[in-house]
Amino acid sequence: MNTYLFVYDLMQFCGHSWIFTNMIIRFISFGKDSLADTFYSIGLVMRLCQLLSMLEILHILTGIDKSRLLPRFLQITERIIVLFVVINSQEEVQGKYIVCILFFLWNLLDLVRYTYNMLARTGIYYMPLTWLNFSLCIPLYPLSVLAKAFAIWVSLPYFESFGTYSIKLPFPITFSIYFPYVLKTYLLVLFIGMCIIIQNLFSERKAHLATASIKKKRS
């Protein structure tokens, strides 16, 4: 199973490395003009990486990954909802600068995480990388949540105008779902989930850095 997890982490690392490198090169080459078409240039690979990340829930359920289920489930579903339901469904949102910022934050976090995971699968624990993995996420994750919330907020006028995902059944079944209300409710869920995940990030940081310090002293 360790080999399988290593291959999984390697695939994610390669995907996010490609996205991150592409974003940097495009920004150096085209400047601010590259920000508006971030989704069109790297959106496909990003969607593949996020779909692949759903396997991590299965890893936890089957016991091959010892991470806590709820925080990981919340993190993955947040990305899936924002990427596929909000950004992918509204072309007008895809060209917003917030998409570039969101992708940058996701990739920065995942590059560090999957690099750490790959080395950990082989029994290599590099103290600076361990510290970075469990420290960088604490300021960057809340920023990514704010970026997600902003992406949802700027999408609301388009969901209202186009009626995307809104449902209204005719008489005699009087039932309707106004999707902008669903998104506004989800904003509250998003911030509640953030509190749960941040608490978990702090506890993981404390546990892993303490373990890493002990291993360093023994070596």
# chains A, B, ... in the order shown; residues from 1 in each chain; ligands from 1

call {"tool": "residues_around", "arguments": {"residues": "Ser166 in chain A", "least_positions_apart": "5", "cutoff": "8 Å", "atoms": "only C-alpha atoms", "output": "PyMOL selection string"}}
result
chain A and resi 176-179

call {"tool": "write_last_selection", "arguments": {"atoms": "all heavy atoms", "output": "CSV table (one decimal), in the first residue's frame"}}
result
chain,number,residue,atom,x,y,z
A,176,SER,N,-39.5,24.6,-5.5
A,176,SER,CA,-38.5,25.4,-6.2
A,176,SER,C,-37.2,25.5,-5.4
A,176,SER,O,-37.2,25.5,-4.1
A,176,SER,CB,-39.0,26.8,-6.6
A,176,SER,OG,-39.2,27.5,-5.4
A,177,ILE,N,-36.1,25.5,-6.1
A,177,ILE,CA,-34.8,25.7,-5.5
A,177,ILE,C,-34.1,26.9,-6.2
A,177,ILE,O,-33.9,26.8,-7.4
A,177,ILE,CB,-33.9,24.5,-5.6
A,177,ILE,CG1,-34.4,23.3,-4.8
A,177,ILE,CG2,-32.4,24.8,-5.1
A,177,ILE,CD1,-33.7,22.0,-5.0
A,178,TYR,N,-33.9,28.0,-5.5
A,178,TYR,CA,-33.2,29.1,-6.0
A,178,TYR,C,-31.7,29.0,-5.6
A,178,TYR,O,-31.4,29.2,-4.5
A,178,TYR,CB,-33.8,30.4,-5.4
A,178,TYR,CG,-33.4,31.7,-6.1
A,178,TYR,CD1,-33.4,31.9,-7.5
A,178,TYR,CD2,-32.8,32.7,-5.3
A,178,TYR,CE1,-33.0,33.0,-8.0
A,178,TYR,CE2,-32.4,33.9,-5.9
A,178,TYR,CZ,-32.5,34.0,-7.3
A,178,TYR,OH,-32.0,35.2,-7.8
A,179,PHE,N,-30.9,28.7,-6.6
A,179,PHE,CA,-29.5,28.3,-6.3
A,179,PHE,C,-28.7,29.4,-5.7
A,179,PHE,O,-27.8,29.1,-4.8
A,179,PHE,CB,-28.8,27.8,-7.6
A,179,PHE,CG,-27.6,27.0,-7.3
A,179,PHE,CD1,-27.7,25.7,-6.7
A,179,PHE,CD2,-26.4,27.5,-7.6
A,179,PHE,CE1,-26.6,25.0,-6.4
A,179,PHE,CE2,-25.2,26.8,-7.3
A,179,PHE,CZ,-25.3,25.5,-6.7

call {"tool": "residues_around", "arguments": {"residues": "range 186-192 of chain A", "least_positions_apart": "5", "cutoff": "8 Å", "atoms": "only C-alpha atoms", "output": "PyMOL selection string"}}
result
chain A and resi 78+145+149+152

call {"tool": "write_last_selection", "arguments": {"atoms": "N, CA and C atoms", "output": "mmCIF file, in the first residue's frame"}}
result
data_model
loop_
_atom_site.group_PDB
_atom_site.id
_atom_site.type_symbol
_atom_site.label_atom_id
_atom_site.label_comp_id
_atom_site.auth_asym_id
_atom_site.auth_seq_id
_atom_site.Cartn_x
_atom_site.Cartn_y
_atom_site.Cartn_z
ATOM 1 N N GLU A 78 -14.935 21.253 -0.509
ATOM 2 C CA GLU A 78 -14.881 22.706 -0.751
ATOM 3 C C GLU A 78 -14.342 22.988 -2.150
ATOM 4 N N VAL A 145 -9.752 30.022 1.727
ATOM 5 C CA VAL A 145 -11.188 30.035 2.041
ATOM 6 C C VAL A 145 -11.793 31.389 1.671
ATOM 7 N N ALA A 149 -14.711 32.019 -1.015
ATOM 8 C CA ALA A 149 -15.912 32.794 -0.683
ATOM 9 C C ALA A 149 -16.100 33.947 -1.663
ATOM 10 N N ILE A 152 -17.369 32.632 -4.959
ATOM 11 C CA ILE A 152 -18.807 32.351 -4.869
ATOM 12 C C ILE A 152 -19.600 33.647 -4.929
#

call {"tool": "residues_around", "arguments": {"residues": "range 93-104 of chain A", "least_positions_apart": "2", "cutoff": "8 Å", "atoms": "only C-alpha atoms", "output": "list in words"}}
result
Phe20, Met23, Leu35, Ala36, Asp37, Thr38, Phe39, Tyr40, Ile87, Asn88, Gln90, Glu91, Trp106, Asn107, Leu108, Ser144, Ala147, Lys148, Phe150, Ala151, Val154 and Ser155 of chain A

call {"tool": "residues_around", "arguments": {"residues": "Ile57 in chain A", "least_positions_apart": "4", "cutoff": "7 Å", "atoms": "only C-alpha atoms", "output": "list in words"}}
result
Leu61, Leu69 and Phe73 of chain A

call {"tool": "closest_residue", "arguments": {"among": "A:Phe134, A:Phe162, A:Trp153, A:Phe6", "to": "Thr122 in chain A", "atoms": "only C-alpha atoms"}}
result
A:Phe6

call {"tool": "closest_residue", "arguments": {"among": "A:Asn117, A:Thr211, A:Ser135, A:Ser34", "to": "Asn2 in chain A", "atoms": "only C-alpha atoms"}}
result
A:Asn117

call {"tool": "atom_distance", "arguments": {"atom1": "CA of Pro142 in chain A", "atom2": "CA of Tyr116 in chain A"}}
result
20.8 Å

call {"tool": "closest_residue", "arguments": {"among": "A:Leu140, A:Cys49, A:Ile28, A:Leu209", "to": "Cys14 in chain A", "atoms": "only C-alpha atoms"}}
result
A:Cys49

call {"tool": "select_by_dssp", "arguments": {"residues": "range 153-205 of chain A", "states": "strand (DSSP E or B)", "output": "number ranges by chain"}}
result
A: 167-169, 175-177

call {"tool": "closest_residue", "arguments": {"among": "A:Glu92, A:Glu204, A:Asp65, A:Asp33", "to": "Met1 in chain A", "atoms": "only C-alpha atoms"}}
result
A:Asp65

call {"tool": "residues_around", "arguments": {"residues": "Leu109 in chain A", "least_positions_apart": "4", "cutoff": "9 Å", "atoms": "only C-alpha atoms", "output": "PyMOL selection string"}}
result
chain A and resi 104-105+113-114+133+136-137+140-141

call {"tool": "closest_residue", "arguments": {"among": "A:Ile19, A:Ala207, A:Met118, A:Val182", "to": "Val7 in chain A", "atoms": "only C-alpha atoms"}}
result
A:Met118

call {"tool": "residues_around", "arguments": {"residues": "Ile197 in chain A", "least_positions_apart": "2", "cutoff": "10 Å", "atoms": "only C-alpha atoms", "output": "list in words"}}
result
Leu70, Pro71, Arg72, Phe73, Leu74, Gln75, Ile138, Tyr141, Pro142, Phe191, Ile192, Gly193, Met194, Cys195, Gln199, Asn200, Leu201, Phe202 and Ser203 of chain A

call {"tool": "write_last_selection", "arguments": {"atoms": "N, CA, C and O atoms", "output": "compact mmCIF listing (two decimals), in the first residue's frame"}}
result
# COMPACT_ATOMS: atom_id res chain seq x y z
N LEU A 70 -13.11 13.86 8.68
CA LEU A 70 -13.94 15.06 8.52
C LEU A 70 -13.17 16.25 7.95
O LEU A 70 -13.62 16.86 6.98
N PRO A 71 -12.01 16.62 8.52
CA PRO A 71 -11.28 17.77 7.93
C PRO A 71 -10.89 17.55 6.48
O PRO A 71 -11.00 18.46 5.66
N ARG A 72 -10.44 16.33 6.15
CA ARG A 72 -10.03 16.06 4.77
C ARG A 72 -11.23 16.09 3.84
O ARG A 72 -11.17 16.58 2.72
N PHE A 73 -12.35 15.53 4.30
CA PHE A 73 -13.59 15.53 3.51
C PHE A 73 -14.04 16.95 3.23
O PHE A 73 -14.42 17.28 2.10
N LEU A 74 -13.98 17.81 4.24
CA LEU A 74 -14.38 19.21 4.07
C LEU A 74 -13.48 19.93 3.07
O LEU A 74 -13.96 20.67 2.21
N GLN A 75 -12.17 19.72 3.17
CA GLN A 75 -11.23 20.38 2.26
C GLN A 75 -11.48 19.97 0.81
O GLN A 75 -11.48 20.82 -0.09
N ILE A 138 -1.30 26.94 7.69
CA ILE A 138 -2.06 27.68 8.71
C ILE A 138 -2.42 29.10 8.24
O ILE A 138 -3.57 29.53 8.40
N TYR A 141 -4.31 28.47 4.25
CA TYR A 141 -5.64 27.86 4.13
C TYR A 141 -6.76 28.88 4.35
O TYR A 141 -7.72 28.95 3.56
N PRO A 142 -6.71 29.71 5.42
CA PRO A 142 -7.76 30.73 5.56
C PRO A 142 -7.82 31.69 4.37
O PRO A 142 -8.91 32.13 3.97
N PHE A 191 -17.31 28.70 6.18
CA PHE A 191 -16.56 29.30 7.29
C PHE A 191 -16.62 28.44 8.56
O PHE A 191 -15.68 28.43 9.35
N ILE A 192 -17.72 27.70 8.74
CA ILE A 192 -17.77 26.75 9.86
C ILE A 192 -16.75 25.65 9.64
O ILE A 192 -16.02 25.25 10.55
N GLY A 193 -16.70 25.15 8.40
CA GLY A 193 -15.72 24.13 8.05
C GLY A 193 -14.30 24.62 8.23
O GLY A 193 -13.42 23.86 8.64
N MET A 194 -14.07 25.90 7.93
CA MET A 194 -12.73 26.47 8.10
C MET A 194 -12.28 26.38 9.56
O MET A 194 -11.12 26.05 9.83
N CYS A 195 -13.19 26.65 10.48
CA CYS A 195 -12.84 26.58 11.91
C CYS A 195 -12.44 25.17 12.31
O CYS A 195 -11.47 24.97 13.05
N GLN A 199 -8.48 24.09 13.33
CA GLN A 199 -8.22 23.41 14.61
C GLN A 199 -7.44 22.12 14.37
O GLN A 199 -6.49 21.81 15.10
N ASN A 200 -7.82 21.39 13.33
CA ASN A 200 -7.12 20.15 12.99
C ASN A 200 -5.68 20.42 12.52
O ASN A 200 -4.76 19.68 12.85
N LEU A 201 -5.50 21.51 11.75
CA LEU A 201 -4.16 21.87 11.28
C LEU A 201 -3.21 22.17 12.44
O LEU A 201 -2.05 21.76 12.44
N PHE A 202 -3.72 22.87 13.45
CA PHE A 202 -2.89 23.19 14.62
C PHE A 202 -2.52 21.92 15.40
O PHE A 202 -1.38 21.77 15.84
N SER A 203 -3.50 21.02 15.56
CA SER A 203 -3.22 19.78 16.30
C SER A 203 -2.24 18.90 15.54
O SER A 203 -1.35 18.28 16.14

call {"tool": "residues_around", "arguments": {"residues": "Leu44 in chain A", "least_positions_apart": "6", "cutoff": "12 Å", "atoms": "only C-alpha atoms", "output": "NGL selection string"}}
result
:A and (15-16 or 18-19 or 38 or 50-51 or 83-84 or 88)

call {"tool": "atom_distance", "arguments": {"atom1": "CA of Val45 in chain A", "atom2": "CA of Val82 in chain A"}}
result
15.6 Å

call {"tool": "closest_residue", "arguments": {"among": "A:Leu119, A:Leu10, A:Met54, A:Val112", "to": "Trp131 in chain A", "atoms": "only C-alpha atoms"}}
result
A:Val112

call {"tool": "atom_distance", "arguments": {"atom1": "CA of Tyr181 in chain A", "atom2": "CA of Glu160 in chain A"}}
result
9.6 Å

call {"tool": "decode", "arguments": {"residues": "range 121-160 of chain A", "atoms": "N, CA and C atoms", "output": "mmCIF file, in the first residue's frame"}}
result
data_model
loop_
_atom_site.group_PDB
_atom_site.id
_atom_site.type_symbol
_atom_site.label_atom_id
_atom_site.label_comp_id
_atom_site.auth_asym_id
_atom_site.auth_seq_id
_atom_site.Cartn_x
_atom_site.Cartn_y
_atom_site.Cartn_z
ATOM 1 N N ARG A 121 6.684 8.609 2.731
ATOM 2 C CA ARG A 121 6.413 7.210 2.341
ATOM 3 C C ARG A 121 7.700 6.399 2.267
ATOM 4 N N THR A 122 8.799 7.067 1.976
ATOM 5 C CA THR A 122 10.090 6.362 1.862
ATOM 6 C C THR A 122 10.901 6.430 3.158
ATOM 7 N N GLY A 123 10.287 7.010 4.206
ATOM 8 C CA GLY A 123 10.955 7.080 5.500
ATOM 9 C C GLY A 123 11.904 8.247 5.645
ATOM 10 N N ILE A 124 11.813 9.224 4.740
ATOM 11 C CA ILE A 124 12.682 10.399 4.804
ATOM 12 C C ILE A 124 11.905 11.564 5.427
ATOM 13 N N TYR A 125 12.422 12.105 6.514
ATOM 14 C CA TYR A 125 11.783 13.240 7.176
ATOM 15 C C TYR A 125 12.797 14.376 7.261
ATOM 16 N N TYR A 126 12.629 15.359 6.391
ATOM 17 C CA TYR A 126 13.519 16.507 6.330
ATOM 18 C C TYR A 126 12.888 17.609 7.170
ATOM 19 N N MET A 127 13.529 17.970 8.266
ATOM 20 C CA MET A 127 12.930 18.861 9.259
ATOM 21 C C MET A 127 12.409 20.182 8.684
ATOM 22 N N PRO A 128 13.195 20.908 7.846
ATOM 23 C CA PRO A 128 12.652 22.159 7.288
ATOM 24 C C PRO A 128 11.380 21.943 6.454
ATOM 25 N N LEU A 129 11.344 20.826 5.695
ATOM 26 C CA LEU A 129 10.154 20.526 4.888
ATOM 27 C C LEU A 129 8.983 20.148 5.782
ATOM 28 N N THR A 130 9.247 19.407 6.848
ATOM 29 C CA THR A 130 8.188 19.045 7.802
ATOM 30 C C THR A 130 7.599 20.301 8.426
ATOM 31 N N TRP A 131 8.491 21.202 8.843
ATOM 32 C CA TRP A 131 8.021 22.470 9.429
ATOM 33 C C TRP A 131 7.195 23.265 8.415
ATOM 34 N N LEU A 132 7.678 23.332 7.171
ATOM 35 C CA LEU A 132 6.976 24.089 6.130
ATOM 36 C C LEU A 132 5.615 23.483 5.838
ATOM 37 N N ASN A 133 5.556 22.155 5.765
ATOM 38 C CA ASN A 133 4.300 21.479 5.436
ATOM 39 C C ASN A 133 3.220 21.742 6.469
ATOM 40 N N PHE A 134 3.599 21.725 7.739
ATOM 41 C CA PHE A 134 2.604 21.879 8.803
ATOM 42 C C PHE A 134 2.473 23.317 9.304
ATOM 43 N N SER A 135 3.247 24.238 8.733
ATOM 44 C CA SER A 135 3.148 25.649 9.130
ATOM 45 C C SER A 135 2.557 26.517 8.025
ATOM 46 N N LEU A 136 2.938 26.238 6.781
ATOM 47 C CA LEU A 136 2.488 27.069 5.657
ATOM 48 C C LEU A 136 0.973 27.046 5.497
ATOM 49 N N CYS A 137 0.367 25.896 5.768
ATOM 50 C CA CYS A 137 -1.075 25.756 5.578
ATOM 51 C C CYS A 137 -1.881 26.613 6.554
ATOM 52 N N ILE A 138 -1.304 26.943 7.694
ATOM 53 C CA ILE A 138 -2.063 27.681 8.706
ATOM 54 C C ILE A 138 -2.421 29.099 8.243
ATOM 55 N N PRO A 139 -1.492 29.870 7.640
ATOM 56 C CA PRO A 139 -1.926 31.166 7.091
ATOM 57 C C PRO A 139 -2.572 31.056 5.706
ATOM 58 N N LEU A 140 -2.109 30.096 4.893
ATOM 59 C CA LEU A 140 -2.592 30.032 3.509
ATOM 60 C C LEU A 140 -3.977 29.420 3.374
ATOM 61 N N TYR A 141 -4.308 28.468 4.248
ATOM 62 C CA TYR A 141 -5.643 27.864 4.125
ATOM 63 C C TYR A 141 -6.764 28.883 4.354
ATOM 64 N N PRO A 142 -6.710 29.707 5.420
ATOM 65 C CA PRO A 142 -7.762 30.734 5.562
ATOM 66 C C PRO A 142 -7.822 31.686 4.367
ATOM 67 N N LEU A 143 -6.659 32.008 3.794
ATOM 68 C CA LEU A 143 -6.654 32.865 2.599
ATOM 69 C C LEU A 143 -7.368 32.181 1.440
ATOM 70 N N SER A 144 -7.161 30.874 1.307
ATOM 71 C CA SER A 144 -7.832 30.141 0.229
ATOM 72 C C SER A 144 -9.341 30.091 0.458
ATOM 73 N N VAL A 145 -9.752 30.022 1.727
ATOM 74 C CA VAL A 145 -11.188 30.035 2.041
ATOM 75 C C VAL A 145 -11.793 31.389 1.671
ATOM 76 N N LEU A 146 -11.083 32.471 1.976
ATOM 77 C CA LEU A 146 -11.553 33.804 1.585
ATOM 78 C C LEU A 146 -11.650 33.917 0.067
ATOM 79 N N ALA A 147 -10.677 33.337 -0.638
ATOM 80 C CA ALA A 147 -10.702 33.359 -2.105
ATOM 81 C C ALA A 147 -11.889 32.559 -2.632
ATOM 82 N N LYS A 148 -12.169 31.412 -2.018
ATOM 83 C CA LYS A 148 -13.335 30.618 -2.415
ATOM 84 C C LYS A 148 -14.620 31.397 -2.185
ATOM 85 N N ALA A 149 -14.711 32.019 -1.015
ATOM 86 C CA ALA A 149 -15.912 32.794 -0.683
ATOM 87 C C ALA A 149 -16.100 33.947 -1.663
ATOM 88 N N PHE A 150 -15.001 34.603 -2.028
ATOM 89 C CA PHE A 150 -15.095 35.712 -2.974
ATOM 90 C C PHE A 150 -15.512 35.210 -4.358
ATOM 91 N N ALA A 151 -14.982 34.061 -4.764
ATOM 92 C CA ALA A 151 -15.363 33.473 -6.050
ATOM 93 C C ALA A 151 -16.861 33.161 -6.076
ATOM 94 N N ILE A 152 -17.369 32.632 -4.959
ATOM 95 C CA ILE A 152 -18.807 32.351 -4.869
ATOM 96 C C ILE A 152 -19.600 33.647 -4.929
ATOM 97 N N TRP A 153 -19.124 34.654 -4.219
ATOM 98 C CA TRP A 153 -19.847 35.925 -4.152
ATOM 99 C C TRP A 153 -19.937 36.593 -5.527
ATOM 100 N N VAL A 154 -18.838 36.611 -6.273
ATOM 101 C CA VAL A 154 -18.866 37.268 -7.597
ATOM 102 C C VAL A 154 -19.667 36.449 -8.611
ATOM 103 N N SER A 155 -19.900 35.174 -8.301
ATOM 104 C CA SER A 155 -20.677 34.336 -9.227
ATOM 105 C C SER A 155 -22.186 34.504 -9.036
ATOM 106 N N LEU A 156 -22.595 35.039 -7.892
ATOM 107 C CA LEU A 156 -24.019 35.118 -7.572
ATOM 108 C C LEU A 156 -24.841 35.868 -8.627
ATOM 109 N N PRO A 157 -24.377 37.044 -9.120
ATOM 110 C CA PRO A 157 -25.172 37.732 -10.142
ATOM 111 C C PRO A 157 -25.397 36.887 -11.399
ATOM 112 N N TYR A 158 -24.439 36.058 -11.760
ATOM 113 C CA TYR A 158 -24.569 35.220 -12.955
ATOM 114 C C TYR A 158 -25.534 34.066 -12.718
ATOM 115 N N PHE A 159 -25.499 33.494 -11.528
ATOM 116 C CA PHE A 159 -26.472 32.450 -11.196
ATOM 117 C C PHE A 159 -27.889 33.033 -11.143
ATOM 118 N N GLU A 160 -27.988 34.276 -10.693
ATOM 119 C CA GLU A 160 -29.292 34.935 -10.648
ATOM 120 C C GLU A 160 -29.811 35.251 -12.053
#
